>>> print(open('model.csv').read())   # CSV, C-alpha atoms
chain,number,residue,atom,x,y,z
A,987,MET,CA,-13.1,17.3,-35.8
A,988,ARG,CA,-14.7,15.4,-32.9
A,989,LYS,CA,-15.1,12.2,-34.9
A,990,ILE,CA,-11.5,12.5,-36.2
A,991,LEU,CA,-10.1,13.0,-32.7
A,992,GLY,CA,-12.2,10.1,-31.5
A,993,MET,CA,-10.7,7.8,-34.1
A,994,LEU,CA,-7.2,9.1,-33.3
A,995,ARG,CA,-7.7,8.5,-29.6
A,996,LYS,CA,-9.1,5.0,-30.3
A,997,ALA,CA,-6.1,4.1,-32.4
A,998,ASP,CA,-3.7,5.6,-29.9
A,999,GLU,CA,-5.2,3.6,-27.0
A,1000,ARG,CA,-5.5,0.4,-29.0
A,1001,PHE,CA,-2.1,0.4,-30.5
A,1002,HIS,CA,-0.2,2.4,-27.8
A,1003,MET,CA,1.1,5.0,-30.3
A,1004,ILE,CA,1.8,8.1,-28.2
A,1005,GLU,CA,3.6,8.4,-24.8
A,1006,ASN,CA,4.6,11.3,-22.6
A,1007,GLY,CA,7.9,12.7,-23.7
A,1008,ASP,CA,7.6,11.7,-27.3
A,1009,ASN,CA,9.2,13.9,-29.9
A,1010,ILE,CA,7.1,13.2,-33.0
A,1011,ALA,CA,7.9,14.2,-36.6
A,1012,VAL,CA,4.9,14.3,-38.8
A,1013,GLY,CA,5.5,13.4,-42.5
A,1014,TYR,CA,3.9,16.5,-44.0
A,1015,SER,CA,3.4,16.9,-47.8
A,1016,GLY,CA,0.7,19.6,-47.7
A,1017,GLY,CA,-2.0,17.2,-48.9
A,1018,LYS,CA,-5.3,16.8,-47.1
A,1019,ASP,CA,-4.3,13.7,-45.0
A,1020,SER,CA,-1.0,15.0,-43.7
A,1021,SER,CA,-2.3,18.5,-43.1
A,1022,LEU,CA,-5.2,17.2,-41.1
A,1023,LEU,CA,-3.0,14.9,-39.1
A,1024,LEU,CA,-0.7,17.7,-38.1
A,1025,TYR,CA,-3.7,19.8,-37.1
A,1026,ALA,CA,-5.3,16.9,-35.2
A,1027,LEU,CA,-2.2,16.1,-33.3
A,1028,THR,CA,-1.9,19.7,-32.1
A,1029,LEU,CA,-5.5,19.4,-30.8
A,1030,TYR,CA,-5.0,15.9,-29.4
A,1031,LYS,CA,-2.1,17.1,-27.3
A,1032,LYS,CA,-4.6,19.3,-25.3
A,1033,PHE,CA,-7.4,16.8,-25.5
A,1034,SER,CA,-5.4,13.8,-24.3
A,1035,LYS,CA,-3.3,15.8,-21.8
A,1036,LYS,CA,-0.2,13.9,-23.1
A,1037,ASP,CA,3.0,15.8,-23.0
A,1038,TYR,CA,4.6,15.3,-26.4
A,1039,THR,CA,6.4,17.5,-29.0
A,1040,LEU,CA,5.6,18.0,-32.6
A,1041,GLN,CA,7.7,18.8,-35.6
A,1042,ALA,CA,6.8,18.7,-39.3
A,1043,VAL,CA,9.1,17.2,-42.0
A,1044,CYS,CA,8.4,17.9,-45.7
A,1045,VAL,CA,10.4,16.1,-48.4
A,1046,ASP,CA,10.6,18.3,-51.5
A,1047,LEU,CA,10.9,15.9,-54.4
A,1048,GLY,CA,12.3,18.6,-56.7
A,1049,PHE,CA,9.3,19.4,-58.9
A,1050,GLU,CA,9.5,22.9,-60.2
A,1051,SER,CA,5.8,23.5,-59.6
A,1052,TYR,CA,6.0,22.5,-55.9
A,1053,ASN,CA,5.3,25.6,-53.8
A,1054,THR,CA,6.1,25.3,-50.1
A,1055,ASP,CA,4.5,28.7,-49.1
A,1056,THR,CA,1.2,27.1,-48.1
A,1057,ILE,CA,3.1,24.5,-46.0
A,1058,SER,CA,5.2,27.1,-44.3
A,1059,ALA,CA,2.3,29.3,-43.4
A,1060,PHE,CA,0.2,26.5,-42.0
A,1061,THR,CA,2.9,25.2,-39.7
A,1062,GLN,CA,3.6,28.7,-38.5
A,1063,SER,CA,-0.1,29.1,-37.6
A,1064,LEU,CA,0.1,25.9,-35.5
A,1065,ASN,CA,3.5,27.0,-34.0
A,1066,VAL,CA,5.0,23.7,-35.2
A,1067,PRO,CA,8.7,23.7,-36.4
A,1068,LEU,CA,9.0,22.8,-40.1
A,1069,HIS,CA,11.9,21.1,-41.8
A,1070,ILE,CA,11.9,21.1,-45.6
A,1071,VAL,CA,14.3,18.5,-47.1
A,1072,LYS,CA,15.4,19.4,-50.6
A,1073,THR,CA,16.0,16.4,-52.9
A,1074,ASN,CA,16.3,15.6,-56.6
A,1075,ILE,CA,14.1,12.5,-56.4
A,1076,ALA,CA,11.8,13.7,-59.2
A,1077,GLU,CA,14.8,14.0,-61.6
A,1078,ILE,CA,16.2,10.6,-60.6
A,1079,VAL,CA,12.8,8.8,-61.0
A,1080,PHE,CA,11.4,10.5,-64.1
A,1081,ASP,CA,14.4,11.9,-66.0
A,1082,ILE,CA,17.3,9.7,-65.2
A,1083,ARG,CA,15.7,6.3,-64.5
A,1084,LYS,CA,12.6,6.9,-66.6
A,1085,GLU,CA,10.6,4.5,-64.4
A,1086,LYS,CA,7.5,3.1,-65.9
A,1087,ASN,CA,6.1,2.5,-62.5
A,1088,PRO,CA,7.7,5.3,-60.5
A,1089,CYS,CA,5.7,5.1,-57.2
A,1090,SER,CA,7.7,2.3,-55.6
A,1091,LEU,CA,11.2,3.9,-56.1
A,1092,CYS,CA,9.9,7.4,-55.3
A,1093,SER,CA,8.3,6.1,-52.0
A,1094,LYS,CA,11.5,4.4,-50.9
A,1095,MET,CA,13.7,7.4,-51.6
A,1096,ARG,CA,11.2,9.8,-50.0
A,1097,LYS,CA,11.0,7.7,-46.9
A,1098,GLY,CA,14.7,7.4,-46.7
A,1099,ALA,CA,15.1,11.2,-46.9
A,1100,LEU,CA,12.4,11.7,-44.3
A,1101,TYR,CA,13.8,9.2,-41.8
A,1102,GLU,CA,17.2,10.7,-42.1
A,1103,LYS,CA,15.8,14.1,-41.1
A,1104,VAL,CA,13.7,12.6,-38.4
A,1105,VAL,CA,16.8,11.2,-36.7
A,1106,GLN,CA,18.7,14.5,-37.3
A,1107,ALA,CA,15.8,16.4,-35.6
A,1108,GLY,CA,16.1,14.3,-32.5
A,1109,CYS,CA,12.7,12.7,-32.9
A,1110,ASN,CA,11.9,9.2,-31.5
A,1111,LYS,CA,8.8,8.8,-33.6
A,1112,ALA,CA,7.5,9.5,-37.1
A,1113,ALA,CA,3.9,9.9,-37.9
A,1114,PHE,CA,2.3,9.1,-41.3
A,1115,ALA,CA,-1.2,10.1,-42.2
A,1116,HIS,CA,-2.3,6.8,-43.8
A,1117,HIS,CA,-6.0,6.2,-43.0
A,1118,ALA,CA,-8.2,3.1,-43.0
A,1119,ASP,CA,-9.0,3.3,-46.7
A,1120,ASP,CA,-5.2,3.4,-47.4
A,1121,ALA,CA,-4.8,0.2,-45.4
A,1122,ILE,CA,-7.6,-1.6,-47.3
A,1123,GLU,CA,-6.3,-0.4,-50.7
A,1124,THR,CA,-2.8,-1.6,-49.7
A,1125,LEU,CA,-4.3,-5.0,-48.9
A,1126,LEU,CA,-6.0,-5.2,-52.3
A,1127,MET,CA,-2.8,-4.3,-54.1
A,1128,SER,CA,-0.9,-6.9,-52.2
A,1129,MET,CA,-3.4,-9.6,-53.2
A,1130,MET,CA,-3.7,-8.5,-56.8
A,1131,TYR,CA,0.0,-7.7,-57.6
A,1132,GLU,CA,2.0,-9.7,-55.1
A,1133,ALA,CA,-0.2,-12.8,-54.4
A,1134,ARG,CA,0.0,-12.3,-50.7
A,1135,LEU,CA,-2.1,-10.8,-47.8
A,1136,ASN,CA,-0.3,-7.8,-46.5
A,1137,THR,CA,-0.8,-4.2,-45.4
A,1138,PHE,CA,1.0,-1.7,-43.3
A,1139,SER,CA,1.0,-1.9,-39.5
A,1140,PRO,CA,-0.4,0.9,-37.2
A,1141,VAL,CA,2.9,0.9,-35.3
A,1142,THR,CA,6.3,-0.2,-36.8
A,1143,TRP,CA,9.7,-0.3,-35.0
A,1144,LEU,CA,12.4,0.8,-37.5
A,1145,SER,CA,15.5,-0.8,-35.8
A,1146,ARG,CA,18.1,0.6,-38.3
A,1147,ARG,CA,16.9,4.2,-37.6
A,1148,ASN,CA,16.0,3.7,-33.9
A,1149,ILE,CA,12.6,5.3,-34.4
A,1150,THR,CA,9.0,4.1,-34.2
A,1151,LEU,CA,6.6,4.8,-37.1
A,1152,ILE,CA,3.0,5.4,-36.1
A,1153,ARG,CA,-0.2,5.9,-38.2
A,1154,PRO,CA,-2.7,7.7,-35.9
A,1155,PHE,CA,-5.4,7.9,-38.6
A,1156,VAL,CA,-5.4,4.1,-39.3
A,1157,LEU,CA,-9.0,3.7,-38.0
A,1158,ALA,CA,-10.3,6.9,-39.7
A,1159,ARG,CA,-12.2,6.8,-43.0
A,1160,GLU,CA,-11.1,9.0,-45.9
A,1161,ALA,CA,-14.5,10.5,-46.2
A,1162,ASP,CA,-14.3,11.7,-42.6
A,1163,VAL,CA,-10.9,13.2,-43.3
A,1164,GLU,CA,-12.1,15.1,-46.4
A,1165,ALA,CA,-15.1,16.4,-44.5
A,1166,ALA,CA,-13.0,17.6,-41.6
A,1167,VAL,CA,-10.5,19.4,-43.9
A,1168,LYS,CA,-13.4,21.3,-45.5
A,1169,ARG,CA,-15.1,22.2,-42.2
A,1170,GLN,CA,-11.8,23.4,-40.7
A,1171,ASN,CA,-10.8,25.2,-43.9
A,1172,ILE,CA,-7.4,23.7,-43.8
A,1173,PRO,CA,-5.1,24.9,-46.6
A,1174,ILE,CA,-4.0,22.2,-49.1
A,1175,ALA,CA,-0.9,22.3,-51.3
A,1176,LYS,CA,-1.3,21.0,-54.8
A,1177,ASN,CA,0.3,17.7,-55.6
A,1178,PRO,CA,2.9,18.3,-58.4
A,1179,CYS,CA,3.4,14.6,-59.3
A,1180,PRO,CA,2.6,13.9,-63.0
A,1181,VAL,CA,1.3,10.4,-62.3
A,1182,ASP,CA,-1.1,11.4,-59.5
A,1183,PHE,CA,-4.5,9.7,-59.9
A,1184,THR,CA,-3.1,7.2,-62.5
A,1185,THR,CA,-1.4,4.8,-60.2
A,1186,LYS,CA,-2.2,1.3,-59.0
A,1187,ARG,CA,-3.4,2.8,-55.8
A,1188,ALA,CA,-5.9,5.0,-57.7
A,1189,GLN,CA,-7.2,1.8,-59.4
A,1190,SER,CA,-7.6,0.1,-56.0
A,1191,LYS,CA,-9.5,3.2,-54.8
A,1192,GLU,CA,-11.9,2.8,-57.7
A,1193,ILE,CA,-12.4,-0.9,-56.8
A,1194,MET,CA,-13.1,0.0,-53.2
A,1195,ALA,CA,-15.7,2.6,-54.4
A,1196,TYR,CA,-17.4,0.0,-56.5
A,1197,LEU,CA,-17.5,-2.5,-53.6
A,1198,GLY,CA,-19.0,0.2,-51.5
A,1199,GLU,CA,-21.7,0.7,-54.1
A,1200,CYS,CA,-22.4,-3.0,-54.1
A,1201,HIS,CA,-22.6,-3.2,-50.3
A,1202,LYS,CA,-22.3,0.0,-48.3
A,1203,ASN,CA,-20.7,-1.9,-45.3
A,1204,ALA,CA,-18.0,-3.6,-47.4
A,1205,PRO,CA,-15.2,-1.1,-46.6
A,1206,ASP,CA,-16.0,-1.1,-42.8
A,1207,ASN,CA,-16.2,-4.9,-42.8
A,1208,MET,CA,-12.8,-5.2,-44.5
A,1209,LEU,CA,-11.3,-2.8,-41.9
A,1210,ARG,CA,-12.7,-5.0,-39.1
A,1211,ALA,CA,-11.2,-8.1,-40.8
A,1212,LEU,CA,-7.8,-6.4,-40.6
A,1213,VAL,CA,-8.2,-5.6,-36.9
A,1214,GLN,CA,-9.8,-8.9,-35.8
A,1215,ALA,CA,-7.0,-11.3,-36.4
A,1216,ASP,CA,-8.7,-14.2,-34.5
A,1217,THR,CA,-11.2,-14.5,-37.3
A,1218,TYR,CA,-8.7,-15.4,-40.0
A,1219,ASN,CA,-9.3,-18.7,-41.8
A,1220,LEU,CA,-6.7,-19.0,-44.5
A,1221,TRP,CA,-5.1,-21.9,-46.3
A,1222,ASP,CA,-2.1,-22.5,-44.2
A,1223,ALA,CA,-0.8,-25.9,-45.3
A,1224,ALA,CA,0.2,-27.2,-41.8
A,1225,ALA,CA,-3.0,-26.1,-40.3
A,1226,VAL,CA,-5.1,-27.7,-43.0
A,1227,ALA,CA,-3.2,-30.9,-42.7
A,1228,SER,CA,-3.6,-30.9,-38.9
A,1229,HIS,CA,-7.3,-30.1,-39.1
A,1230,GLY,CA,-7.8,-33.0,-41.6
A,1231,LYS,CA,-6.2,-35.5,-39.3
A,1232,ASN,CA,-8.2,-34.4,-36.3
A,1233,THR,CA,-11.5,-34.7,-38.2
A,1234,GLN,CA,-11.1,-38.0,-39.9
>>> encode(input="model.csv", output="structure tokens")
Amino acid sequence: MRKILGMLRKADERFHMIENGDNIAVGYSGGKDSSLLLYALTLYKKFSKKDYTLQAVCVDLGFESYNTDTISAFTQSLNVPLHIVKTNIAEIVFDIRKEKNPCSLCSKMRKGALYEKVVQAGCNKAAFAHHADDAIETLLMSMMYEARLNTFSPVTWLSRRNITLIRPFVLAREADVEAAVKRQNIPIAKNPCPVDFTTKRAQSKEIMAYLGECHKNAPDNMLRALVQADTYNLWDAAAVASHGKNTQ
């Protein structure tokens, strides 16, 4: 956990994520990432000596096989209040709409339900457990499917909801998250989604694994490229034209 907490602290200090008096709602699905984030934030409160409050918000998509017993027991062990938001998102996405690519719509609806509960719970911040590998995979998907360079931000102000979204694990690698979950014996709830591991993100994860095999530092270098914005050298038309005039 020392490495995870070190990365959390580095992200907090670099991107100014957590302040005294914050009431933070952690988006908690019961998966390895969100479970570790919830646990890490309870430890970081003591480690950083920052005075903030934690709550957990779980959006139940409506899958019959989704069992919230593990989630409830874990939050109780951490003494963190849990809000379970019941929805019929699974029925809408898979049965009614019959989406061929369900992830986008599911994500939008899930976030909408979560943000609504965050506001109702009186929280000023919401925390997602996206890590560094997620950021790199999002960049790859943006390039491949959208023809643009884009990934999520460590801190995002949601003006319509009047809350700030933070990602405290944004500098942590997935392998370190998995190792910490095993060492701490953190209970994980099974993901009931029928398209899990068959999505575009799963494909991007395979690409990243291949790049890591080709050059072990590739993922870390890509993460540095995201953080070091002053090293960008892209084909901005105005900048290219200006550069050409100055060098002729």
>>> closest_residue(input="model.csv", among="A:Val1105, A:Cys1089, A:Met1127, A:Ala1115", to="Leu1157 (chain A)", atoms="only C-alpha atoms")
A:Ala1115
>>> residues_around(input="model.csv", residues="region 1043-1050 of chain A", least_positions_apart="3", cutoff="9 Å", atoms="all atoms listed in the file", output="PyMOL selection string")
chain A and resi 1011-1016+1053-1054+1057+1067-1077+1092+1096-1097+1099-1100+1103-1104+1178-1179
>>> write_last_selection(input="model.csv", atoms="C-alpha atoms", output="short mmCIF file (atom, residue, chain, number, x, y, z; two decimals), in the frame of the given file")
data_model
loop_
_atom_site.label_atom_id
_atom_site.label_comp_id
_atom_site.auth_asym_id
_atom_site.auth_seq_id
_atom_site.Cartn_x
_atom_site.Cartn_y
_atom_site.Cartn_z
CA ALA A 1011 7.90 14.20 -36.60
CA VAL A 1012 4.90 14.30 -38.80
CA GLY A 1013 5.50 13.40 -42.50
CA TYR A 1014 3.90 16.50 -44.00
CA SER A 1015 3.40 16.90 -47.80
CA GLY A 1016 0.70 19.60 -47.70
CA ASN A 1053 5.30 25.60 -53.80
CA THR A 1054 6.10 25.30 -50.10
CA ILE A 1057 3.10 24.50 -46.00
CA PRO A 1067 8.70 23.70 -36.40
CA LEU A 1068 9.00 22.80 -40.10
CA HIS A 1069 11.90 21.10 -41.80
CA ILE A 1070 11.90 21.10 -45.60
CA VAL A 1071 14.30 18.50 -47.10
CA LYS A 1072 15.40 19.40 -50.60
CA THR A 1073 16.00 16.40 -52.90
CA ASN A 1074 16.30 15.60 -56.60
CA ILE A 1075 14.10 12.50 -56.40
CA ALA A 1076 11.80 13.70 -59.20
CA GLU A 1077 14.80 14.00 -61.60
CA CYS A 1092 9.90 7.40 -55.30
CA ARG A 1096 11.20 9.80 -50.00
CA LYS A 1097 11.00 7.70 -46.90
CA ALA A 1099 15.10 11.20 -46.90
CA LEU A 1100 12.40 11.70 -44.30
CA LYS A 1103 15.80 14.10 -41.10
CA VAL A 1104 13.70 12.60 -38.40
CA PRO A 1178 2.90 18.30 -58.40
CA CYS A 1179 3.40 14.60 -59.30
#
>>> closest_residue(input="model.csv", among="A:Val1066, A:Ser1090, A:Gly992, A:Ser1058", to="Phe1033 (chain A)", atoms="all atoms listed in the file")
A:Gly992
>>> residues_around(input="model.csv", residues="Arg1159 (chain A)", least_positions_apart="2", cutoff="10 Å", atoms="only C-alpha atoms", output="PyMOL selection string")
chain A and resi 990+993+1116-1120+1155-1157+1161-1164+1205-1206+1209
>>> closest_residue(input="model.csv", among="A:Tyr1030, A:Phe1138, A:Tyr1131, A:Phe1114", to="Arg1153 (chain A)", atoms="all atoms listed in the file")
A:Phe1114
>>> residues_around(input="model.csv", residues="Leu1064 (chain A)", least_positions_apart="2", cutoff="8 Å", atoms="only C-alpha atoms", output="CSV table (one decimal) with C-alpha atoms, in the frame of the given file")
chain,number,residue,atom,x,y,z
A,1025,TYR,CA,-3.7,19.8,-37.1
A,1028,THR,CA,-1.9,19.7,-32.1
A,1060,PHE,CA,0.2,26.5,-42.0
A,1061,THR,CA,2.9,25.2,-39.7
A,1062,GLN,CA,3.6,28.7,-38.5
A,1066,VAL,CA,5.0,23.7,-35.2
>>> atom_distance(input="model.csv", atom1="CA of Arg1083 (chain A)", atom2="CA of Ile1174 (chain A)")
29.6 Å
>>> residues_around(input="model.csv", residues="region 1197-1200 of chain A", least_positions_apart="5", cutoff="12 Å", atoms="only C-alpha atoms", output="PyMOL selection string")
chain A and resi 1119+1122-1123+1126+1190-1192+1205-1208
>>> atom_distance(input="model.csv", atom1="CA of Pro1173 (chain A)", atom2="CA of Asp1055 (chain A)")
10.6 Å
>>> closest_residue(input="model.csv", among="A:Pro1088, A:Ile1172, A:Asp1008, A:Ala997", to="Ser1063 (chain A)", atoms="all atoms listed in the file")
A:Ile1172
>>> atom_distance(input="model.csv", atom1="CA of Lys1032 (chain A)", atom2="CA of Lys1018 (chain A)")
22.0 Å
>>> build_atoms(input="model.csv", residues="region 1148-1160 of chain A", atoms="N, CA and C atoms", output="PDB file, in the coordinates of the input")
ATOM      1  N   ASN A1148      16.274   3.493 -35.367  1.00  0.00           N
ATOM      2  CA  ASN A1148      16.000   3.700 -33.900  1.00  0.00           C
ATOM      3  C   ASN A1148      14.835   4.642 -33.730  1.00  0.00           C
ATOM      4  N   ILE A1149      13.818   4.532 -34.595  1.00  0.00           N
ATOM      5  CA  ILE A1149      12.600   5.300 -34.400  1.00  0.00           C
ATOM      6  C   ILE A1149      11.390   4.429 -34.627  1.00  0.00           C
ATOM      7  N   THR A1150      10.258   4.874 -34.114  1.00  0.00           N
ATOM      8  CA  THR A1150       9.000   4.100 -34.200  1.00  0.00           C
ATOM      9  C   THR A1150       8.081   4.898 -35.183  1.00  0.00           C
ATOM     10  N   LEU A1151       7.550   4.197 -36.168  1.00  0.00           N
ATOM     11  CA  LEU A1151       6.600   4.800 -37.100  1.00  0.00           C
ATOM     12  C   LEU A1151       5.188   4.525 -36.653  1.00  0.00           C
ATOM     13  N   ILE A1152       4.398   5.577 -36.546  1.00  0.00           N
ATOM     14  CA  ILE A1152       3.000   5.400 -36.100  1.00  0.00           C
ATOM     15  C   ILE A1152       2.068   6.007 -37.176  1.00  0.00           C
ATOM     16  N   ARG A1153       0.850   5.457 -37.209  1.00  0.00           N
ATOM     17  CA  ARG A1153      -0.200   5.900 -38.200  1.00  0.00           C
ATOM     18  C   ARG A1153      -1.458   6.223 -37.365  1.00  0.00           C
ATOM     19  N   PRO A1154      -1.568   7.406 -36.793  1.00  0.00           N
ATOM     20  CA  PRO A1154      -2.700   7.700 -35.900  1.00  0.00           C
ATOM     21  C   PRO A1154      -4.064   7.744 -36.576  1.00  0.00           C
ATOM     22  N   PHE A1155      -4.114   7.849 -37.914  1.00  0.00           N
ATOM     23  CA  PHE A1155      -5.400   7.900 -38.600  1.00  0.00           C
ATOM     24  C   PHE A1155      -5.831   6.507 -39.128  1.00  0.00           C
ATOM     25  N   VAL A1156      -5.188   5.447 -38.683  1.00  0.00           N
ATOM     26  CA  VAL A1156      -5.400   4.100 -39.300  1.00  0.00           C
ATOM     27  C   VAL A1156      -6.835   3.625 -39.133  1.00  0.00           C
ATOM     28  N   LEU A1157      -7.595   4.155 -38.176  1.00  0.00           N
ATOM     29  CA  LEU A1157      -9.000   3.700 -38.000  1.00  0.00           C
ATOM     30  C   LEU A1157      -9.979   4.765 -38.575  1.00  0.00           C
ATOM     31  N   ALA A1158      -9.485   5.861 -39.125  1.00  0.00           N
ATOM     32  CA  ALA A1158     -10.300   6.900 -39.700  1.00  0.00           C
ATOM     33  C   ALA A1158     -10.609   6.665 -41.156  1.00  0.00           C
ATOM     34  N   ARG A1159     -11.829   6.925 -41.593  1.00  0.00           N
ATOM     35  CA  ARG A1159     -12.200   6.800 -43.000  1.00  0.00           C
ATOM     36  C   ARG A1159     -11.836   8.028 -43.785  1.00  0.00           C
ATOM     37  N   GLU A1160     -11.494   7.844 -45.051  1.00  0.00           N
ATOM     38  CA  GLU A1160     -11.100   9.000 -45.900  1.00  0.00           C
ATOM     39  C   GLU A1160     -12.179  10.017 -46.023  1.00  0.00           C
TER      40      GLU A1160
END
